[in-house]
Structures are given as C-alpha cells and as structure tokens.
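Chemist: One structure, pasted below without further comment.
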Number of protein chains: 2
Amino acid sequence: MPRWEHGSEDRLKTAAIELFAEQGFEKTSVIEIAQRARVATRTFFRYFPDKREVLFADAEALRAVLVERILQAPDVAEPLQLVVRVLAGFDWESLGSRESQRRRHAVIDANPDLLERDLIKHHRAAAGFTEALRRRGVDADVARLAAAVGIEVFFAAYREWLEAAETAELSRISERMMSRLATITPGGSPKWRWKFGQALKAV
Amino acid sequence: MPRWEHGSEDRLKTAAIELFAEQGFEKTSVIEIAQRARVATRTFFRYFPDKREVLFADAEALRAVLVERILQAPDVAEPLQLVVRVLAGFDWESLGSRESQRRRHAVIDANPDLLERDLIKHHRAAAGFTEALRRRGVDADVARLAAAVGIEVFFAAYREWLEAAETAELSRISERMMSRLATITPGGSPKWRWKFGQALKAV
C-alpha cells in the first residue's frame with residue numbers, strides 16, 4: 001500500500017473520533033469525516049464499510065496478533081496470567097495516542113450501538129483465546145474461564161490506564177489488577193467451600 | 001393484569017423461541033409468532049416492541065431483583081462470592097424450563113444481533129451490581145472487578161447447567177466454577193508478582 005494511502009486511513013480514523021467527540025456519533029456523517037480528513041468520500045469507503053467500523057477497524061488484526069502470542073507462548077501452565085500478560089504486553093499506543101483512545105472510549109460509552117459492538121469484539125476475542133488455549137492443551141472449561149476472566153481483568157486495567165497519569169504503565173496496572181483479583185478470590189479451601197454452600201442456602 | 005393476559009405473554013415467548021429454533025430468527029415474523037401463540041398480532045405489540053425483545057423481556061426485572069438482593073445481603077465482605085451467590089441463588093427455572101432456556105441460548109448464539117443484545121444486558125447488570133456494591137461501602141475499583149468477574153464466573157456455570165443432566169444443581173456448578181477460578185488465580189504472593197513482572201518483560 002503506498003504511503004499516502006496509509007496516511008488517509010489514519011487521518012480518517014483521527015477525523016472520525018474528533019467529530020464523534022465534538023458533535024456526537026449520530027450527528028456525524030461519512031461526508032463530514034472525509035472532509036475533515038481531506039479525502040474524497042469514496043476514499044472513506046475504500047477503508048471502512050460504515051462510520052461505526054472506523055472505531056473497530058483494528059479489532060480483527062489485534063485479535064489475530066494476540067491469539068498468535070498465546071499459541072507461541074513458552075508456557076501455558078498459568079492460563080489466566082497468560083491471557084492478561086499477552087493483553088498487557090501488546091503495544092496499545094501503536095493503535096493511537098492514549099488521548100485518542102480515551103476519546104474513542106468516551107464515544108463508545110455514550111452510544112449503546114457502539115457499546116454492543118465493542119462488547120461483541122471482546123466476546124470474539126474470548127472465543128479466540130479459548131480456542132488458542134485449548135490448542136495448547138489447556139482443559140476446555142479452564143480455557144473458557146481463563147479467557148473470559150482474563151479479558152475482564154485486563155480491560156478493567158486498560159480503563160484505569162486510559163484515565164491515569166501519562167507516566168502510568170499498563171503492565172503495572174494490569175499486575176495490580178491481578179493482585180486485586182487474588183484478594184477477592186477465596187483460596188478454594190474446604191472451609192471456604194462449606195461457607196459458600198451455606199451462604200447459597202441462605203439467599 | 002387478568003390471568004388470560006399473562007397467559008398470552010407466556011405463550012408468545014414460548015411460540016417465539018420455538019419458531020426461532022425451528023426456522024431461524026431472521027425468517028420468523030411477528031405475525032407467525034402471534035399465530036402460533038393464538039393471539040392477534042396487535043396483542044404481541046402490547047407486550048413487546050419487536051421480535052428481538054421477546055428474548056430479553058425479563059432482563060430488566062431480573063436485574064432489579066438481583067441488585068436488590070445485593071443491597072439487602074447481610075454481608076458484603078466477600079463481594080465476588082456475593083455476586084456469584086446472588087446470581088446462583090435466583091430461581092432461574094421461574095423464567096421457563098431449562099429446555100426453553102437452552103433453546104433460547106442456541107438462538108442467541110446463532111445470531112450476532114441477539115448476541116450483542118445479550119452481552120449489553122450482562123454489561124448493564126455488571127454496572128447495576130457495581131453501583132449496589134458501592135452503595136454497600138465496597139471500594140469502587142473492587143466493586144467493578146467483583147461485578148465483572150462474578151458475572152463471567154456465574155454465566156460460565158449457567159452455560160454448563162443448561163447442558164448438564166436434569167439433576168445438576170446450578171448452585172453446585174457455580175460453587176465448582178468459583179473453585180476453578182481459585183485454582184487459576186495466583187495467591188498474589190510477592191514471588192508471583194515478581195514472576196508476573198518478569199514474564200511481562202519477556203512478551
């Protein structure tokens with residue numbers, strides 16, 4: 001792809017997020033996005049099927065990269081940590097500045113259609129991670145739980161990172177989030193199991 | 001509400017799930033659902049805005065019940081267990097037979113639009129649980145993580161329950177799922193934290 005074309009795609013993404021943040025997702029048209037990015041409207045459609053997809057253009061490629069890292073990981077003995085670690089180890093700033101990601105999420109949170117799309121991307125990522133862990137020999141039920149919980153833990157950290165001071169490291173916030181999970185997860189001792197069983201009867 | 005009207009609503013739900021399972025969600029019309037349920041088409045619209053909402057009619061009431069149980073729980077010292085326990089303690093069979101719930105989920109899984117809607121219902125439930133835990137004095141970050149992870153743990157158990165033998169108890173499967181989470185969550189010891197930090201650098 002010639003360099004100027006790659007430039008168009010990035011300018012379209014930036015223009016779309018700016019306009020969505022300024023005037024709302026619903027009120028922004030593809031024509032306006034193309035104008036702000038200084039490209040023809042048909043150029044927009046060369047990269048994206050509609051204005052919603054501008055916000056999720058990287059999702060499939062990102063999922064493929066992360067799945068590949070799980071498949072190539074030296075060790076899958078700790079699948080939950082592996083999922084969090086692979087997510088936290090990705091260079092998120094390669095997708096755009098933290099400020100642009102923050103604005104992107106503000107737009108998504110303000111629009112139920114976009115939020116649905118964001119959630120299904122997480123769901124598909126979880127399915128991809130589950131399958132990758134299974135291919136590495138992890139028990140299917142463990143793989144599913146590790147993928148689902150790992151994604152929740154990581155994105156809780158990612159949201160904190162978006163709001164944090166510029167110097168905060170995502171890897172360190174993710175590590176703290178895993179520790180937080182450890183503090184609220186009972187050790188699985190017989191005593192706890194008994195208490196949980198009793199508590200269930202009381203609800 | 002007179003008894004016959006309540007009967008119409010239930011018959012519409014049953015008819016819709018049957019037809020979606022038989023011929024697909026897209027191919028089923030509101031007219032067909034009403035015919036199978038032996039009511040007029042306008043009766044359908046007295047209960048549901050569209051055919052998608054038939055599958056999610058109970059979601060808001062269910063969320064309100066569960067939030068109330070968190071607000072009324074005797075103890076919030078273990079917020080993750082509380083979320084799982086409140087979900088597992090609900091009488092899910094009051095929403096319809098396990099077989100009809102199994103069919104409902106098969107329809108949802110086969111249709112991306114429905115899956116998006118299902119995911120956003122979970123997301124809203126997580127927001128409601130987070131707010132309820134916060135109102136009970138739980139730290140905001142802990143509340144958010146406990147709600148998000150608790151919902152993943154419970155629905156992993158619920159999916160197993162849908163597929164399990166008729167005698168399987170949801171509370172017991174949920175308990176086993178919490179134990180599974182405990183086995184894949186590191187204890188948060190300094191040694192683990194160091195290992196996690198090293199592993200992150202290696203990704």
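Following the order of the structure tokens, chains are lettered A, B, ..., residues in each are numbered from 1, and ligands are numbered from 1.
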Running DSSP on the backbone, which parts of region 64-137 of chain A land in alpha helix (DSSP H), as an NGL selection string?

Modeler: :A and (64-72 or 79-89 or 98-109 or 112-135)

Chemist: Find the residues near Glu60 (chain B): any atom within 12 Å, counting only C-alpha atoms, skip ones fewer than 6 places away on the same chain, and give them as a PyMOL selection string.

Modeler: chain B and resi 53+66-67+118+120-122+124-125+128

Chemist: Would you put the residues from that selection into a file with C-alpha atoms, as a compact mmCIF listing (two decimals), in the first residue's frame?

Modeler:
```
# COMPACT_ATOMS: atom_id res chain seq x y z
CA GLU B 53 -37.20 -8.10 22.72
CA LEU B 66 -30.59 -9.16 41.79
CA VAL B 67 -29.49 -5.59 42.59
CA ASP B 118 -27.34 -10.38 25.35
CA ILE B 120 -25.13 -5.49 26.68
CA LYS B 121 -27.64 -6.91 29.18
CA HIS B 122 -24.74 -8.52 31.05
CA ARG B 124 -25.81 -3.34 32.34
CA ALA B 125 -26.15 -5.98 35.05
CA GLY B 128 -26.00 -2.28 38.42
```

Chemist: Would you work out the distance separating CA of Ala59 (chain B) from CA of Arg104 (chain A), expressed in Å to one decimal?

Modeler: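 Result for CA of Ala59 (chain B) versus CA of Arg104 (chain A): 28.2 Å, one decimal.
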
Chemist: Pick out the chain A residues within 8 Å of chain B. Count only C-alpha atoms. Give them as a VMD selection string.

Modeler: chain A and resid 78 to 81 85 to 86 88 to 89 115 to 117 119 to 120 142 144 to 146 148 to 149 152 to 153 156 171 to 172 175 178 to 188 193 196 to 197 199 to 201 203

Chemist: Choose the residue, out of B:Leu71, B:Asp109, B:Pro49, B:Glu166, that has the smallest atom-to-atom separation from Leu133 (chain B); count only C-alpha atoms.

Modeler: B:Leu71

Chemist: Taking 2 positions as the minimum chain separation for residues in the same chain, which residues sit within 12 Å of Phe48 (chain A) when counting only C-alpha atoms? Answer as a PDB file with N, CA and C atoms, in the first residue's frame.

Modeler:
```pdb
ATOM      1  N   SER A   8      -4.103   8.302   4.602  1.00  0.00           N
ATOM      2  CA  SER A   8      -5.544   8.574   4.525  1.00  0.00           C
ATOM      3  C   SER A   8      -6.307   7.797   5.587  1.00  0.00           C
ATOM      4  N   GLU A   9      -5.961   6.532   5.736  1.00  0.00           N
ATOM      5  CA  GLU A   9      -6.689   5.706   6.702  1.00  0.00           C
ATOM      6  C   GLU A   9      -6.535   6.268   8.113  1.00  0.00           C
ATOM      7  N   ASP A  10      -5.313   6.610   8.473  1.00  0.00           N
ATOM      8  CA  ASP A  10      -5.073   7.166   9.804  1.00  0.00           C
ATOM      9  C   ASP A  10      -5.782   8.506   9.978  1.00  0.00           C
ATOM     10  N   LEU A  12      -8.474   9.483   8.474  1.00  0.00           N
ATOM     11  CA  LEU A  12      -9.913   9.212   8.589  1.00  0.00           C
ATOM     12  C   LEU A  12     -10.279   8.772  10.015  1.00  0.00           C
ATOM     13  N   LYS A  13      -9.454   7.924  10.596  1.00  0.00           N
ATOM     14  CA  LYS A  13      -9.719   7.475  11.980  1.00  0.00           C
ATOM     15  C   LYS A  13      -9.682   8.655  12.938  1.00  0.00           C
ATOM     16  N   ALA A  16     -12.664  10.987  12.384  1.00  0.00           N
ATOM     17  CA  ALA A  16     -13.923  10.401  12.866  1.00  0.00           C
ATOM     18  C   ALA A  16     -14.031  10.539  14.381  1.00  0.00           C
ATOM     19  N   VAL A  30     -20.493  10.439   7.135  1.00  0.00           N
ATOM     20  CA  VAL A  30     -19.276   9.999   6.450  1.00  0.00           C
ATOM     21  C   VAL A  30     -18.696  11.155   5.618  1.00  0.00           C
ATOM     22  N   ILE A  33     -16.673  13.344   7.831  1.00  0.00           N
ATOM     23  CA  ILE A  33     -15.412  12.689   8.229  1.00  0.00           C
ATOM     24  C   ILE A  33     -14.397  12.808   7.085  1.00  0.00           C
ATOM     25  N   ALA A  34     -14.860  12.529   5.862  1.00  0.00           N
ATOM     26  CA  ALA A  34     -13.963  12.587   4.697  1.00  0.00           C
ATOM     27  C   ALA A  34     -13.442  14.014   4.500  1.00  0.00           C
ATOM     28  N   THR A  41     -15.083  11.270  -0.409  1.00  0.00           N
ATOM     29  CA  THR A  41     -15.972  10.368   0.328  1.00  0.00           C
ATOM     30  C   THR A  41     -15.746   8.915  -0.089  1.00  0.00           C
ATOM     31  N   ARG A  42     -15.517   8.698  -1.397  1.00  0.00           N
ATOM     32  CA  ARG A  42     -15.323   7.300  -1.840  1.00  0.00           C
ATOM     33  C   ARG A  42     -14.061   6.685  -1.223  1.00  0.00           C
ATOM     34  N   THR A  43     -13.088   7.532  -0.863  1.00  0.00           N
ATOM     35  CA  THR A  43     -11.878   7.009  -0.203  1.00  0.00           C
ATOM     36  C   THR A  43     -12.237   6.415   1.157  1.00  0.00           C
ATOM     37  N   PHE A  44     -13.180   7.090   1.846  1.00  0.00           N
ATOM     38  CA  PHE A  44     -13.643   6.537   3.129  1.00  0.00           C
ATOM     39  C   PHE A  44     -14.074   5.088   2.936  1.00  0.00           C
ATOM     40  N   PHE A  45     -14.912   4.859   1.922  1.00  0.00           N
ATOM     41  CA  PHE A  45     -15.493   3.529   1.733  1.00  0.00           C
ATOM     42  C   PHE A  45     -14.475   2.510   1.212  1.00  0.00           C
ATOM     43  N   ARG A  46     -13.290   2.992   0.791  1.00  0.00           N
ATOM     44  CA  ARG A  46     -12.253   2.036   0.423  1.00  0.00           C
ATOM     45  C   ARG A  46     -11.691   1.370   1.690  1.00  0.00           C
ATOM     46  N   ASP A  50     -18.720   1.397   7.007  1.00  0.00           N
ATOM     47  CA  ASP A  50     -19.618   2.439   7.530  1.00  0.00           C
ATOM     48  C   ASP A  50     -18.908   3.184   8.658  1.00  0.00           C
ATOM     49  N   LYS A  51     -19.557   4.232   9.173  1.00  0.00           N
ATOM     50  CA  LYS A  51     -18.868   5.074  10.163  1.00  0.00           C
ATOM     51  C   LYS A  51     -18.644   4.334  11.483  1.00  0.00           C
ATOM     52  N   ARG A  52     -19.483   3.331  11.783  1.00  0.00           N
ATOM     53  CA  ARG A  52     -19.288   2.582  13.019  1.00  0.00           C
ATOM     54  C   ARG A  52     -17.964   1.812  12.994  1.00  0.00           C
ATOM     55  N   GLU A  53     -17.669   1.242  11.824  1.00  0.00           N
ATOM     56  CA  GLU A  53     -16.487   0.383  11.728  1.00  0.00           C
ATOM     57  C   GLU A  53     -15.159   1.128  11.853  1.00  0.00           C
ATOM     58  N   VAL A  54     -15.187   2.474  11.662  1.00  0.00           N
ATOM     59  CA  VAL A  54     -13.951   3.241  11.840  1.00  0.00           C
ATOM     60  C   VAL A  54     -13.389   2.998  13.242  1.00  0.00           C
ATOM     61  N   LEU A  55     -14.308   2.859  14.207  1.00  0.00           N
ATOM     62  CA  LEU A  55     -13.882   2.706  15.602  1.00  0.00           C
ATOM     63  C   LEU A  55     -13.365   1.306  15.912  1.00  0.00           C
ATOM     64  N   PHE A  56     -13.650   0.340  15.022  1.00  0.00           N
ATOM     65  CA  PHE A  56     -13.287  -1.048  15.314  1.00  0.00           C
ATOM     66  C   PHE A  56     -12.400  -1.650  14.227  1.00  0.00           C
ATOM     67  N   ALA A  57     -11.781  -0.751  13.441  1.00  0.00           N
ATOM     68  CA  ALA A  57     -11.015  -1.213  12.284  1.00  0.00           C
ATOM     69  C   ALA A  57      -9.860  -2.128  12.677  1.00  0.00           C
ATOM     70  N   ASP A  58      -9.289  -1.908  13.869  1.00  0.00           N
ATOM     71  CA  ASP A  58      -8.105  -2.684  14.257  1.00  0.00           C
ATOM     72  C   ASP A  58      -8.447  -3.987  14.970  1.00  0.00           C
TER      73      ASP A  58
END
```
